[in-house]
file input-v2.cif (mmCIF, C-alpha atoms and all ligand atoms)
data_work
#
loop_
_atom_site.label_atom_id
_atom_site.label_comp_id
_atom_site.auth_asym_id
_atom_site.auth_seq_id
_atom_site.Cartn_x
_atom_site.Cartn_y
_atom_site.Cartn_z
CA MET A 4 11.18 4.30 -28.24
CA SER A 5 14.86 4.70 -27.30
CA ALA A 6 17.44 1.99 -27.87
CA PRO A 7 17.34 -0.77 -25.27
CA SER A 8 19.96 -0.62 -22.54
CA ARG A 9 20.73 -2.54 -19.36
CA MET A 10 17.96 -2.09 -16.79
CA SER A 11 18.64 -5.16 -14.72
CA THR A 12 20.06 -3.44 -11.65
CA ALA A 13 18.59 -1.00 -9.17
CA PRO A 14 21.04 1.83 -10.05
CA ASP A 15 20.07 1.60 -13.74
CA VAL A 16 16.39 1.81 -12.83
CA GLU A 17 16.90 4.64 -10.36
CA GLN A 18 18.88 6.69 -12.86
CA ALA A 19 16.28 6.30 -15.62
CA VAL A 20 13.46 7.14 -13.20
CA ALA A 21 15.35 10.12 -11.74
CA GLU A 22 16.00 11.65 -15.17
CA ARG A 23 12.40 11.15 -16.30
CA TYR A 24 10.78 12.68 -13.20
CA SER A 25 13.22 15.55 -12.86
CA ALA A 26 12.17 16.54 -16.37
CA GLY A 27 8.53 15.75 -15.60
CA ALA A 28 8.60 18.07 -12.57
CA GLN A 29 9.85 20.95 -14.67
CA ALA A 30 7.71 20.56 -17.77
CA VAL A 31 4.46 18.64 -18.13
CA GLU A 32 5.01 15.28 -19.79
CA ALA A 33 1.87 14.11 -21.53
CA ALA A 34 3.16 10.54 -21.99
CA LEU A 35 3.12 10.03 -18.22
CA CYS A 36 -0.50 11.05 -17.80
CA CYS A 37 -3.20 8.42 -17.38
CA PRO A 38 -6.63 10.09 -17.12
CA VAL A 39 -8.13 9.92 -13.60
CA ASP A 40 -11.38 11.42 -12.31
CA TYR A 41 -10.57 12.92 -8.92
CA ASP A 42 -13.30 14.38 -6.76
CA PRO A 43 -13.32 18.01 -7.99
CA ARG A 44 -14.12 19.23 -4.43
CA TRP A 45 -10.55 18.56 -3.36
CA LEU A 46 -8.80 20.05 -6.39
CA GLN A 47 -9.84 23.68 -5.92
CA VAL A 48 -7.12 24.51 -3.39
CA ILE A 49 -4.28 22.73 -5.22
CA PRO A 50 -1.98 24.96 -7.31
CA GLN A 51 -2.30 24.52 -11.06
CA GLU A 52 1.37 23.60 -11.51
CA VAL A 53 0.76 20.55 -9.27
CA LEU A 54 -2.48 19.56 -11.01
CA ASP A 55 -0.73 19.84 -14.37
CA ARG A 56 1.92 17.33 -13.23
CA ASP A 57 -0.57 14.60 -12.47
CA TYR A 58 1.35 11.41 -13.17
CA GLY A 59 -1.01 9.13 -11.29
CA CYS A 60 -3.22 6.34 -12.63
CA GLY A 61 -5.90 6.01 -9.93
CA ASP A 62 -7.35 7.65 -6.86
CA PRO A 63 -6.36 5.91 -3.62
CA SER A 64 -7.56 8.94 -1.62
CA ARG A 65 -11.18 7.79 -2.09
CA HIS A 66 -10.64 5.21 0.65
CA LEU A 67 -9.28 7.54 3.33
CA ARG A 68 -11.12 8.69 6.45
CA GLU A 69 -11.06 11.67 8.74
CA GLY A 70 -8.38 11.62 11.44
CA GLU A 71 -6.06 9.13 9.75
CA THR A 72 -2.29 9.34 9.44
CA VAL A 73 -1.50 8.69 5.79
CA LEU A 74 1.77 7.93 4.02
CA ASP A 75 1.88 8.67 0.27
CA LEU A 76 4.65 6.73 -1.47
CA GLY A 77 6.14 8.51 -4.48
CA SER A 78 4.19 11.66 -3.75
CA GLY A 79 5.53 13.51 -6.79
CA GLY A 80 4.12 17.04 -7.06
CA GLY A 81 1.88 16.31 -4.06
CA LYS A 82 -1.58 16.08 -5.60
CA VAL A 83 -2.73 12.93 -3.77
CA ALA A 84 -1.12 14.14 -0.54
CA PHE A 85 -3.03 17.44 -0.80
CA ILE A 86 -6.31 15.64 -1.50
CA ALA A 87 -5.63 13.26 1.41
CA ALA A 88 -4.86 16.22 3.68
CA GLN A 89 -8.35 17.59 3.13
CA VAL A 90 -10.03 14.18 3.60
CA VAL A 91 -8.25 13.39 6.90
CA GLY A 92 -8.75 16.97 8.11
CA THR A 93 -7.20 18.75 11.06
CA SER A 94 -7.13 15.63 13.23
CA GLY A 95 -5.18 13.68 10.60
CA ARG A 96 -1.84 14.13 8.91
CA VAL A 97 -0.17 13.21 5.65
CA ILE A 98 3.44 12.37 4.91
CA GLY A 99 4.60 12.29 1.30
CA VAL A 100 7.82 10.46 0.43
CA ASP A 101 9.66 10.93 -2.84
CA ILE A 102 13.28 10.62 -3.91
CA ASN A 103 13.28 13.23 -6.64
CA ASP A 104 14.56 16.72 -5.71
CA GLU A 105 12.59 18.52 -8.40
CA MET A 106 9.36 16.77 -7.43
CA MET A 107 10.08 17.50 -3.76
CA ALA A 108 10.62 21.18 -4.60
CA LEU A 109 7.31 21.33 -6.47
CA ALA A 110 5.42 19.69 -3.58
CA THR A 111 7.06 21.64 -0.77
CA SER A 112 6.53 24.97 -2.51
CA ALA A 113 2.84 24.15 -3.00
CA ALA A 114 2.27 23.00 0.61
CA PRO A 115 2.01 26.48 2.22
CA LYS A 116 -0.42 27.59 -0.51
CA VAL A 117 -2.67 24.60 0.15
CA ALA A 118 -2.40 25.17 3.92
CA GLU A 119 -3.41 28.79 3.53
CA ALA A 120 -6.37 27.89 1.31
CA VAL A 121 -7.74 25.17 3.64
CA GLY A 122 -6.82 26.94 6.89
CA PHE A 123 -4.60 24.22 8.38
CA ALA A 124 -1.25 22.57 7.67
CA ASN A 125 -1.12 18.79 8.04
CA VAL A 126 1.13 17.72 5.14
CA GLU A 127 4.88 17.24 5.10
CA PHE A 128 7.20 15.82 2.48
CA ARG A 129 10.21 13.66 3.32
CA LYS A 130 12.95 12.68 0.91
CA GLY A 131 13.36 8.92 0.82
CA ARG A 132 13.33 5.78 -1.25
CA ILE A 133 10.09 3.92 -0.82
CA GLN A 134 11.82 0.53 -0.73
CA ASP A 135 13.93 1.73 2.23
CA LEU A 136 11.67 3.88 4.41
CA ARG A 137 14.02 3.74 7.37
CA LEU A 138 16.70 5.76 5.62
CA ASP A 139 16.46 9.55 5.95
CA VAL A 140 18.05 10.55 2.66
CA VAL A 141 18.54 14.24 3.55
CA ALA A 142 20.38 13.33 6.77
CA THR A 143 22.44 10.79 4.84
CA GLU A 144 23.34 13.33 2.15
CA GLN A 145 24.39 15.84 4.81
CA TRP A 146 26.56 13.25 6.52
CA LEU A 147 28.14 12.28 3.18
CA ALA A 148 28.87 15.91 2.31
CA ALA A 149 30.84 16.24 5.53
CA GLN A 150 32.47 12.81 5.31
CA PRO A 151 32.79 11.71 1.67
CA VAL A 152 33.45 8.05 0.96
CA THR A 153 36.95 7.80 -0.45
CA ASP A 154 38.31 4.49 0.82
CA LEU A 155 37.31 1.32 2.62
CA ALA A 156 37.52 2.91 6.06
CA SER A 157 35.22 5.78 5.09
CA LEU A 158 32.86 3.30 3.41
CA GLN A 159 32.66 1.32 6.65
CA ALA A 160 32.01 4.52 8.60
CA PHE A 161 29.24 5.39 6.16
CA GLU A 162 27.65 1.97 6.51
CA ALA A 163 27.82 2.21 10.29
CA GLU A 164 26.20 5.65 10.20
CA THR A 165 23.32 4.57 7.94
CA ALA A 166 22.74 1.47 10.11
CA ARG A 167 22.64 3.69 13.22
CA GLN A 168 20.35 6.16 11.55
CA ARG A 169 17.92 3.49 10.31
CA ARG A 170 17.81 2.05 13.82
CA GLU A 171 17.66 5.23 15.91
CA SER A 172 15.85 7.77 13.71
CA PRO A 173 14.00 6.04 10.90
CA LEU A 174 12.41 8.27 8.27
CA VAL A 175 9.13 6.38 8.82
CA PRO A 176 8.98 4.37 12.07
CA ASP A 177 7.38 0.95 12.48
CA ALA A 178 3.58 0.80 12.86
CA SER A 179 3.25 4.57 12.59
CA VAL A 180 0.58 5.10 9.91
CA ASP A 181 -3.07 4.12 9.40
CA ALA A 182 -2.98 4.04 5.63
CA VAL A 183 -0.30 3.78 2.96
CA VAL A 184 -1.38 5.16 -0.38
CA SER A 185 0.52 5.26 -3.64
CA ASN A 186 -0.41 6.36 -7.12
CA CYS A 187 1.48 4.89 -10.05
CA VAL A 188 4.85 4.41 -8.36
CA LEU A 189 5.43 0.80 -7.27
CA ASN A 190 6.07 -0.26 -10.87
CA LEU A 191 9.03 2.12 -10.98
CA VAL A 192 10.99 0.24 -8.32
CA ALA A 193 13.61 -2.25 -9.53
CA THR A 194 12.39 -5.86 -9.73
CA ASP A 195 14.87 -7.14 -7.14
CA LEU A 196 13.74 -4.47 -4.64
CA LYS A 197 10.00 -4.99 -4.96
CA GLY A 198 9.98 -7.55 -2.11
CA ALA A 199 11.71 -5.01 0.16
CA LEU A 200 9.17 -2.39 -0.94
CA PHE A 201 6.18 -4.50 0.11
CA ALA A 202 7.91 -5.41 3.38
CA GLU A 203 8.34 -1.69 4.08
CA ILE A 204 4.68 -0.94 3.37
CA PHE A 205 3.74 -3.67 5.83
CA ARG A 206 6.26 -2.52 8.46
CA VAL A 207 5.13 1.11 8.65
CA LEU A 208 1.42 0.28 8.90
CA ARG A 209 -0.08 -0.11 12.35
CA ARG A 210 -2.06 -3.28 13.07
CA GLY A 211 -5.50 -2.75 11.54
CA GLY A 212 -4.10 -0.35 8.96
CA ARG A 213 -4.37 -0.77 5.22
CA ALA A 214 -2.53 -0.21 1.98
CA ILE A 215 -4.42 1.45 -0.87
CA ILE A 216 -2.37 1.24 -4.00
CA SER A 217 -3.15 2.40 -7.52
CA ASP A 218 -0.69 1.16 -10.09
CA ILE A 219 -0.22 -0.03 -13.64
CA VAL A 220 -0.20 -3.82 -14.14
CA SER A 221 0.24 -5.96 -17.23
CA ASP A 222 -2.00 -8.79 -18.40
CA THR A 223 0.98 -11.05 -19.14
CA GLU A 224 4.58 -11.14 -17.91
CA VAL A 225 6.67 -8.31 -19.42
CA PRO A 226 9.48 -9.88 -21.49
CA ALA A 227 13.15 -9.09 -20.93
CA HIS A 228 13.58 -6.90 -24.01
CA LEU A 229 10.83 -4.54 -22.81
CA ARG A 230 12.20 -4.58 -19.26
CA ALA A 231 15.54 -3.46 -20.70
CA ASP A 232 14.07 -0.26 -22.12
CA PRO A 233 14.60 2.73 -19.78
CA GLU A 234 11.94 4.80 -21.53
CA LEU A 235 9.30 2.12 -21.01
CA TRP A 236 10.44 1.52 -17.45
CA SER A 237 10.36 5.16 -16.39
CA GLY A 238 7.08 5.52 -18.29
CA CYS A 239 5.37 3.19 -15.77
CA LEU A 240 5.16 0.28 -18.20
CA SER A 241 7.91 -2.30 -18.22
CA GLY A 242 8.41 -2.44 -14.44
CA ALA A 243 4.73 -3.27 -13.99
CA PHE A 244 3.68 -6.37 -12.10
CA GLN A 245 1.74 -8.99 -13.99
CA GLU A 246 -1.71 -8.50 -12.47
CA GLU A 247 -2.02 -11.74 -10.47
CA ALA A 248 1.57 -11.36 -9.27
CA PHE A 249 0.62 -7.90 -7.97
CA LEU A 250 -2.05 -9.41 -5.70
CA HIS A 251 0.32 -12.20 -4.62
CA ALA A 252 2.91 -9.59 -3.59
CA PHE A 253 0.46 -8.27 -0.97
CA GLU A 254 -0.27 -11.81 0.25
CA ASP A 255 3.44 -12.65 0.44
CA ALA A 256 4.06 -9.53 2.53
CA GLY A 257 1.49 -10.72 5.12
CA PHE A 258 -1.59 -8.71 4.14
CA HIS A 259 -5.10 -10.16 4.27
CA GLY A 260 -8.39 -9.18 2.66
CA VAL A 261 -6.54 -8.21 -0.51
CA THR A 262 -9.22 -6.62 -2.67
CA LEU A 263 -9.14 -5.59 -6.30
CA ASP A 264 -11.11 -2.42 -5.74
CA LYS A 265 -10.88 -1.14 -9.30
CA ARG A 266 -9.64 -2.65 -12.55
CA ASP A 267 -9.89 -0.48 -15.64
CA SER A 268 -11.54 -2.45 -18.42
CA ALA A 269 -9.74 -0.45 -21.09
CA ALA A 270 -5.97 -0.77 -21.36
CA TRP A 271 -4.03 2.46 -20.76
CA GLN A 272 -1.42 1.34 -23.29
CA VAL A 273 -0.70 -1.75 -25.38
CA VAL A 274 2.93 -2.55 -26.15
CA ASP A 275 3.87 -5.58 -28.26
CA GLY A 276 0.37 -6.93 -27.65
CA ILE A 277 0.68 -6.66 -23.84
CA GLU A 278 -2.09 -4.69 -22.19
CA PHE A 279 -1.13 -2.27 -19.42
CA ARG A 280 -3.99 -1.02 -17.26
CA SER A 281 -4.61 0.75 -13.99
CA VAL A 282 -5.82 -1.12 -10.91
CA THR A 283 -6.44 -0.08 -7.33
CA VAL A 284 -5.87 -2.67 -4.60
CA VAL A 285 -6.80 -2.41 -0.92
CA ALA A 286 -5.06 -4.76 1.53
CA TYR A 287 -5.20 -5.04 5.33
CA LYS A 288 -2.61 -5.63 8.04
CA GLY A 289 -3.43 -7.54 11.23
CA LYS A 290 -3.80 -11.30 10.81
CA GLN A 291 -0.53 -12.15 12.54
CA GLY A 292 -0.40 -13.34 16.12
CA PRO A 293 -1.43 -16.21 18.41
CA CYS A 294 -4.81 -17.94 18.24
CA PHE A 295 -6.98 -18.44 21.33
CA ASP A 296 -10.39 -20.10 21.60
CA HIS A 297 -13.11 -17.80 22.94
CA ASP A 298 -15.81 -20.30 21.94
CA GLN A 299 -16.93 -18.04 19.10
CA ALA A 300 -18.38 -19.07 15.76
CA VAL A 301 -19.13 -17.49 12.40
CA VAL A 302 -21.64 -18.41 9.73
CA PHE A 303 -20.82 -17.41 6.15
CA LYS A 304 -23.99 -16.01 4.58
CA GLY A 305 -23.18 -16.69 0.90
CA PRO A 306 -23.97 -16.26 -1.95
CA TRP A 307 -20.87 -18.35 -2.69
CA LYS A 308 -20.99 -22.00 -1.61
CA ALA A 309 -17.72 -21.55 0.28
CA VAL A 310 -14.92 -19.01 0.68
CA LEU A 311 -11.24 -19.28 1.62
CA ASP A 312 -9.46 -16.64 3.71
CA ASP A 313 -5.78 -15.60 3.67
CA ASP A 314 -5.00 -18.07 6.47
CA ALA A 315 -6.49 -20.88 4.35
CA HIS A 316 -9.59 -21.27 6.53
CA VAL A 317 -12.62 -22.44 4.59
CA TYR A 318 -16.08 -21.11 5.44
CA GLU A 319 -18.94 -23.09 3.96
CA ARG A 320 -22.19 -21.25 3.38
CA GLY A 321 -24.52 -21.66 6.36
CA VAL A 322 -22.12 -23.80 8.42
CA PRO A 323 -21.39 -22.55 11.98
CA THR A 324 -17.62 -22.50 11.91
CA ALA A 325 -15.36 -22.26 14.96
CA VAL A 326 -12.74 -19.53 14.71
CA CYS A 327 -10.09 -18.15 17.03
CA ALA A 328 -10.65 -14.79 18.73
CA LYS A 329 -8.24 -13.09 16.32
CA THR A 330 -10.04 -14.36 13.23
CA PHE A 331 -13.39 -13.42 14.81
CA GLN A 332 -12.17 -9.83 15.14
CA LEU A 333 -10.93 -9.81 11.55
CA LEU A 334 -14.23 -11.14 10.19
CA ARG A 335 -16.26 -8.50 11.98
CA SER A 336 -14.16 -5.73 10.37
CA ALA A 337 -13.50 -4.45 6.85
CA PRO A 338 -13.37 -5.90 4.27
CA TYR A 339 -15.41 -8.86 5.58
CA SER A 340 -18.02 -7.14 7.75
CA GLY A 341 -21.58 -7.99 6.82
CA GLN A 342 -20.62 -11.27 5.13
CA PHE A 343 -20.75 -13.37 8.31
CA GLU A 344 -23.16 -13.97 11.16
CA LEU A 345 -20.96 -13.55 14.25
CA LEU A 346 -21.90 -15.74 17.22
CA GLU A 347 -20.68 -15.16 20.77
CA PRO A 348 -20.95 -17.90 23.46
CA VAL A 349 -23.56 -17.76 26.21
CA GLU A 350 -20.80 -17.40 28.84
CA PRO A 351 -17.95 -15.10 27.75
CA VAL A 352 -14.54 -16.79 27.88
CA ASP A 353 -11.95 -15.17 30.14
CA PRO A 354 -9.08 -14.12 27.80
CA GLU A 355 -6.60 -14.92 30.61
CA THR A 356 -7.55 -18.60 30.63
CA ALA A 357 -8.70 -19.10 27.02
CA PRO A 358 -7.16 -22.25 25.50
CA VAL A 359 -4.99 -22.12 22.39
CA PHE A 360 -7.05 -22.53 19.21
CA ALA A 361 -5.73 -24.88 16.54
CA CYS A 362 -6.09 -22.61 13.50
CA ALA A 363 -3.90 -24.90 11.39
CA PRO A 364 -3.96 -27.17 9.47
CA PRO A 365 -6.39 -25.55 7.07
CA LEU A 366 -9.71 -27.12 6.28
CA SER A 367 -10.40 -28.62 2.90
CA LEU A 368 -12.54 -27.07 0.20
CA ALA A 369 -13.62 -30.58 -0.79
CA GLY A 370 -16.89 -30.25 1.13
CA GLY A 371 -18.49 -32.54 3.71
CA PRO A 372 -18.81 -31.82 7.42
CA SER A 373 -16.15 -29.41 8.55
CA ALA A 374 -13.77 -30.28 11.39
CA ALA A 375 -14.30 -26.77 12.73
CA VAL A 376 -18.09 -26.88 12.98
CA ARG A 377 -19.15 -25.25 16.26
CA ARG A 378 -22.28 -26.72 17.90
CA PRO A 379 -24.46 -26.42 19.89
CA LEU A 380 -25.40 -22.84 19.15
CA ALA A 381 -28.33 -22.46 21.52
CA GLY A 382 -28.47 -19.17 23.38
CA ARG A 383 -25.60 -17.54 21.52
CA THR A 384 -25.78 -13.83 20.82
CA THR A 385 -24.96 -12.19 17.55
CA ALA A 386 -22.07 -9.74 17.68
CA ILE A 387 -22.21 -6.65 15.53
CA SER A 388 -19.52 -5.96 13.02
CA PHE A 389 -17.25 -2.98 13.54
CA ASP A 390 -18.48 -1.34 10.37
CA ASP A 391 -22.08 -1.66 11.56
CA ALA A 392 -21.01 -0.15 14.88
CA CYS A 393 -19.72 2.95 13.09
CA CYS A 394 -23.12 3.79 11.59
C1 LIG B 1 4.50 8.40 -11.95
S1 LIG B 1 5.03 9.57 -10.77
C2 LIG B 1 3.63 9.63 -9.70
C3 LIG B 1 3.61 10.84 -8.83
C4 LIG B 1 2.37 11.02 -7.98
N1 LIG B 1 2.09 9.86 -7.17
C5 LIG B 1 1.15 11.38 -8.82
O1 LIG B 1 0.11 10.75 -8.64
O2 LIG B 1 1.23 12.29 -9.64
C6 LIG B 1 6.22 8.65 -9.85
C7 LIG B 1 6.86 9.39 -8.68
O3 LIG B 1 7.51 8.40 -7.87
C8 LIG B 1 8.80 8.84 -7.53
N2 LIG B 1 9.63 7.64 -7.33
C9 LIG B 1 9.94 6.71 -8.24
N3 LIG B 1 10.68 5.73 -7.69
C10 LIG B 1 10.81 6.06 -6.38
C11 LIG B 1 11.47 5.44 -5.26
N4 LIG B 1 12.10 4.28 -5.41
N5 LIG B 1 11.42 6.04 -4.07
C12 LIG B 1 10.76 7.24 -3.92
N6 LIG B 1 10.14 7.86 -4.94
C13 LIG B 1 10.15 7.29 -6.14
C14 LIG B 1 9.24 9.70 -8.69
O4 LIG B 1 10.25 10.60 -8.31
C15 LIG B 1 7.93 10.37 -9.06
O5 LIG B 1 7.75 11.57 -8.35
#

call {"tool": "encode", "arguments": {"input": "input-v2.cif", "output": "structure tokens", "more": "lines below"}}
Ligand SMILES: C[S@@+](CC[C@H](N)C(=O)[O-])C[C@H]1O[C@@H](n2cnc3c(N)ncnc32)[C@H](O)[C@@H]1O
result
Amino acid sequence: MSAPSRMSTAPDVEQAVAERYSAGAQAVEAALCCPVDYDPRWLQVIPQEVLDRDYGCGDPSRHLREGETVLDLGSGGGKVAFIAAQVVGTSGRVIGVDINDEMMALATSAAPKVAEAVGFANVEFRKGRIQDLRLDVVATEQWLAAQPVTDLASLQAFEAETARQRRESPLVPDASVDAVVSNCVLNLVATDLKGALFAEIFRVLRRGGRAIISDIVSDTEVPAHLRADPELWSGCLSGAFQEEAFLHAFEDAGFHGVTLDKRDSAAWQVVDGIEFRSVTVVAYKGKQGPCFDHDQAVVFKGPWKAVLDDDAHVYERGVPTAVCAKTFQLLRSAPYSGQFELLEPVEPVDPETAPVFACAPPLSLAGGPSAAVRRPLAGRTTAISFDDACC
């Protein structure tokens, strides 16, 4: 372990990460490898030099579907992007974003080989910082080369240019992707930029889209002396979220249905008694917006006595519960589909005249008759969930 140094600011973190992954792109670094079982079907067309530089800790590509537009944050040598490209197929596309030139060179040189092997080209790599997905770093570097910052006036011109560029030609536009994936990267972003990072993931997803993130988390808070170590930070350890805080970060960004899809029982590494392990989290975008009453109801089937959603609604097992039209749509879709009986009114409500639904204040988990019980139920039809509809 190298001597501790200051790692409290974003530039310190970015420098340590840049040095580590420039080296890791050129020569395989065993310390960065966390064993992952990828589906061997997808690996056959990926060049060996990319497979050798597998610095991931999970497999978010397992959750992708044909036809989707996918954004891979911290795409590195491109392995997950190339797997995703095959899963989404010719009707889908994949965009990898990474800040490291050597990693970008590895990925972009492999892309034509993968395209030739699969017979189509649907992957591109864009240079950017994942906590600032509006900024096109190549365009910014070109602008800076022509107009270096030397004084206050040129600094102001630079700031005006980057503001214009973020606004008029963002690297990744708002609501432009179906799925954001990332494999062992979020932990590398400086602590004070992690909020911006989650806000960016949320921004670029379309409504109904989802984030599928594999990353290293810690079982307890990482203490300051470990956070100060650049080797541990760039090695995907000391910038890790504490595991509950990781889930809260998705909630705070506005996601719902945050699901711990995979949590390795064995620690990847233990440092000073702190366990670091890989998890994969899936989280959904789409609970924001107004609430209208379409006279719909849901019945939670159990087996839990009650459950609480990300808008603090309580659903008691077996109790017909009134929900707004937006929540009804959410509960008939992943990740909730199949857990609720979905009841439509006898007479459909005209969306143009539907009254506002009082979704707040939240119900209590204390039990007893719920304020949102919907009765009578006679004659109601059962809606199918969207996942059922797909089959
Ligand atoms: C641990 S490697 C993972 C690479 C790849 N996802 C994989 O599974 O092999 C981390 C990658 O994230 C990139 N990276 C780290 N911080 C970044 C940031 N703030 N913005 C963009 N890329 C970043 C690094 O350059 C590196 O390629």

call {"tool": "closest_atom_pairs", "arguments": {"input": "input-v2.cif", "of": "chain A", "to": "ligand LIG 1 (chain B)", "cutoff": "8 Å", "atoms": "only C-alpha atoms and all ligand atoms", "output": "JSON lines"}}
result
{"residue": "A:Glu17", "atom": "CA", "partner": "B:LIG1", "partner_atom": "N3", "distance": 6.9}
{"residue": "A:Val20", "atom": "CA", "partner": "B:LIG1", "partner_atom": "C9", "distance": 6.1}
{"residue": "A:Ala21", "atom": "CA", "partner": "B:LIG1", "partner_atom": "O4", "distance": 6.2}
{"residue": "A:Tyr24", "atom": "CA", "partner": "B:LIG1", "partner_atom": "O4", "distance": 5.3}
{"residue": "A:Ser25", "atom": "CA", "partner": "B:LIG1", "partner_atom": "O4", "distance": 7.4}
{"residue": "A:Ala28", "atom": "CA", "partner": "B:LIG1", "partner_atom": "O5", "distance": 7.8}
{"residue": "A:Leu35", "atom": "CA", "partner": "B:LIG1", "partner_atom": "C1", "distance": 6.6}
{"residue": "A:Arg56", "atom": "CA", "partner": "B:LIG1", "partner_atom": "O2", "distance": 6.2}
{"residue": "A:Asp57", "atom": "CA", "partner": "B:LIG1", "partner_atom": "O2", "distance": 4.1}
{"residue": "A:Tyr58", "atom": "CA", "partner": "B:LIG1", "partner_atom": "O2", "distance": 3.6}
{"residue": "A:Gly59", "atom": "CA", "partner": "B:LIG1", "partner_atom": "O1", "distance": 3.3}
{"residue": "A:Cys60", "atom": "CA", "partner": "B:LIG1", "partner_atom": "O1", "distance": 6.8}
{"residue": "A:Gly61", "atom": "CA", "partner": "B:LIG1", "partner_atom": "O1", "distance": 7.8}
{"residue": "A:Asp75", "atom": "CA", "partner": "B:LIG1", "partner_atom": "N1", "distance": 7.5}
{"residue": "A:Leu76", "atom": "CA", "partner": "B:LIG1", "partner_atom": "N6", "distance": 6.6}
{"residue": "A:Gly77", "atom": "CA", "partner": "B:LIG1", "partner_atom": "O3", "distance": 3.7}
{"residue": "A:Ser78", "atom": "CA", "partner": "B:LIG1", "partner_atom": "N1", "distance": 4.4}
{"residue": "A:Gly79", "atom": "CA", "partner": "B:LIG1", "partner_atom": "O5", "distance": 3.3}
{"residue": "A:Gly80", "atom": "CA", "partner": "B:LIG1", "partner_atom": "O2", "distance": 6.1}
{"residue": "A:Gly81", "atom": "CA", "partner": "B:LIG1", "partner_atom": "C4", "distance": 6.6}
{"residue": "A:Lys82", "atom": "CA", "partner": "B:LIG1", "partner_atom": "O2", "distance": 6.2}
{"residue": "A:Val83", "atom": "CA", "partner": "B:LIG1", "partner_atom": "O1", "distance": 6.0}
{"residue": "A:Val100", "atom": "CA", "partner": "B:LIG1", "partner_atom": "C12", "distance": 6.2}
{"residue": "A:Asp101", "atom": "CA", "partner": "B:LIG1", "partner_atom": "N6", "distance": 3.8}
{"residue": "A:Ile102", "atom": "CA", "partner": "B:LIG1", "partner_atom": "C12", "distance": 4.2}
{"residue": "A:Asn103", "atom": "CA", "partner": "B:LIG1", "partner_atom": "O4", "distance": 4.3}
{"residue": "A:Asp104", "atom": "CA", "partner": "B:LIG1", "partner_atom": "O4", "distance": 7.9}
{"residue": "A:Met106", "atom": "CA", "partner": "B:LIG1", "partner_atom": "O5", "distance": 5.5}
{"residue": "A:Met107", "atom": "CA", "partner": "B:LIG1", "partner_atom": "O5", "distance": 7.9}
{"residue": "A:Lys130", "atom": "CA", "partner": "B:LIG1", "partner_atom": "C12", "distance": 7.6}
{"residue": "A:Gly131", "atom": "CA", "partner": "B:LIG1", "partner_atom": "C12", "distance": 5.7}
{"residue": "A:Arg132", "atom": "CA", "partner": "B:LIG1", "partner_atom": "N5", "distance": 3.4}
{"residue": "A:Ile133", "atom": "CA", "partner": "B:LIG1", "partner_atom": "N5", "distance": 4.1}
{"residue": "A:Gln134", "atom": "CA", "partner": "B:LIG1", "partner_atom": "N4", "distance": 6.0}
{"residue": "A:Ser185", "atom": "CA", "partner": "B:LIG1", "partner_atom": "N1", "distance": 6.0}
{"residue": "A:Asn186", "atom": "CA", "partner": "B:LIG1", "partner_atom": "N1", "distance": 4.3}
{"residue": "A:Cys187", "atom": "CA", "partner": "B:LIG1", "partner_atom": "C1", "distance": 5.0}
{"residue": "A:Val188", "atom": "CA", "partner": "B:LIG1", "partner_atom": "C6", "distance": 4.7}
{"residue": "A:Leu189", "atom": "CA", "partner": "B:LIG1", "partner_atom": "N3", "distance": 7.2}
{"residue": "A:Leu191", "atom": "CA", "partner": "B:LIG1", "partner_atom": "N3", "distance": 5.2}
{"residue": "A:Val192", "atom": "CA", "partner": "B:LIG1", "partner_atom": "N4", "distance": 5.1}
{"residue": "A:Ala193", "atom": "CA", "partner": "B:LIG1", "partner_atom": "N4", "distance": 7.9}
{"residue": "A:Gly238", "atom": "CA", "partner": "B:LIG1", "partner_atom": "C1", "distance": 7.4}
{"residue": "A:Cys239", "atom": "CA", "partner": "B:LIG1", "partner_atom": "C1", "distance": 6.5}

call {"tool": "residues_around", "arguments": {"input": "input-v2.cif", "residues": "Ala328 in chain A", "least_positions_apart": "4", "cutoff": "9 Å", "atoms": "all atoms listed in the file", "output": "JSON, numbers by chain"}}
result
{"A": [294, 295, 296, 297, 298, 299, 332, 333, 360]}

call {"tool": "atom_distance", "arguments": {"input": "input-v2.cif", "atom1": "CA of Arg68 in chain A", "atom2": "CA of Ser112 in chain A"}}
result
25.6 Å

call {"tool": "atom_distance", "arguments": {"input": "input-v2.cif", "atom1": "CA of Thr385 in chain A", "atom2": "CA of Val301 in chain A"}}
result
9.4 Å

call {"tool": "atom_distance", "arguments": {"input": "input-v2.cif", "atom1": "CA of Gly212 in chain A", "atom2": "CA of Val284 in chain A"}}
result
13.9 Å

call {"tool": "residues_around", "arguments": {"input": "input-v2.cif", "residues": "Asn125 in chain A", "least_positions_apart": "5", "cutoff": "8 Å", "atoms": "all atoms listed in the file", "output": "ChimeraX atom specification"}}
result
/A:88,92-93,95-97,118

call {"tool": "closest_residue", "arguments": {"input": "input-v2.cif", "among": "A:Val141, A:Leu147, A:Leu240, A:Val90", "to": "Asn190 in chain A", "atoms": "all atoms listed in the file"}}
result
A:Leu240

call {"tool": "closest_residue", "arguments": {"input": "input-v2.cif", "among": "A:Ala120, A:Ala113, A:Ala199, A:Val175", "to": "Val53 in chain A", "atoms": "only C-alpha atoms"}}
result
A:Ala113
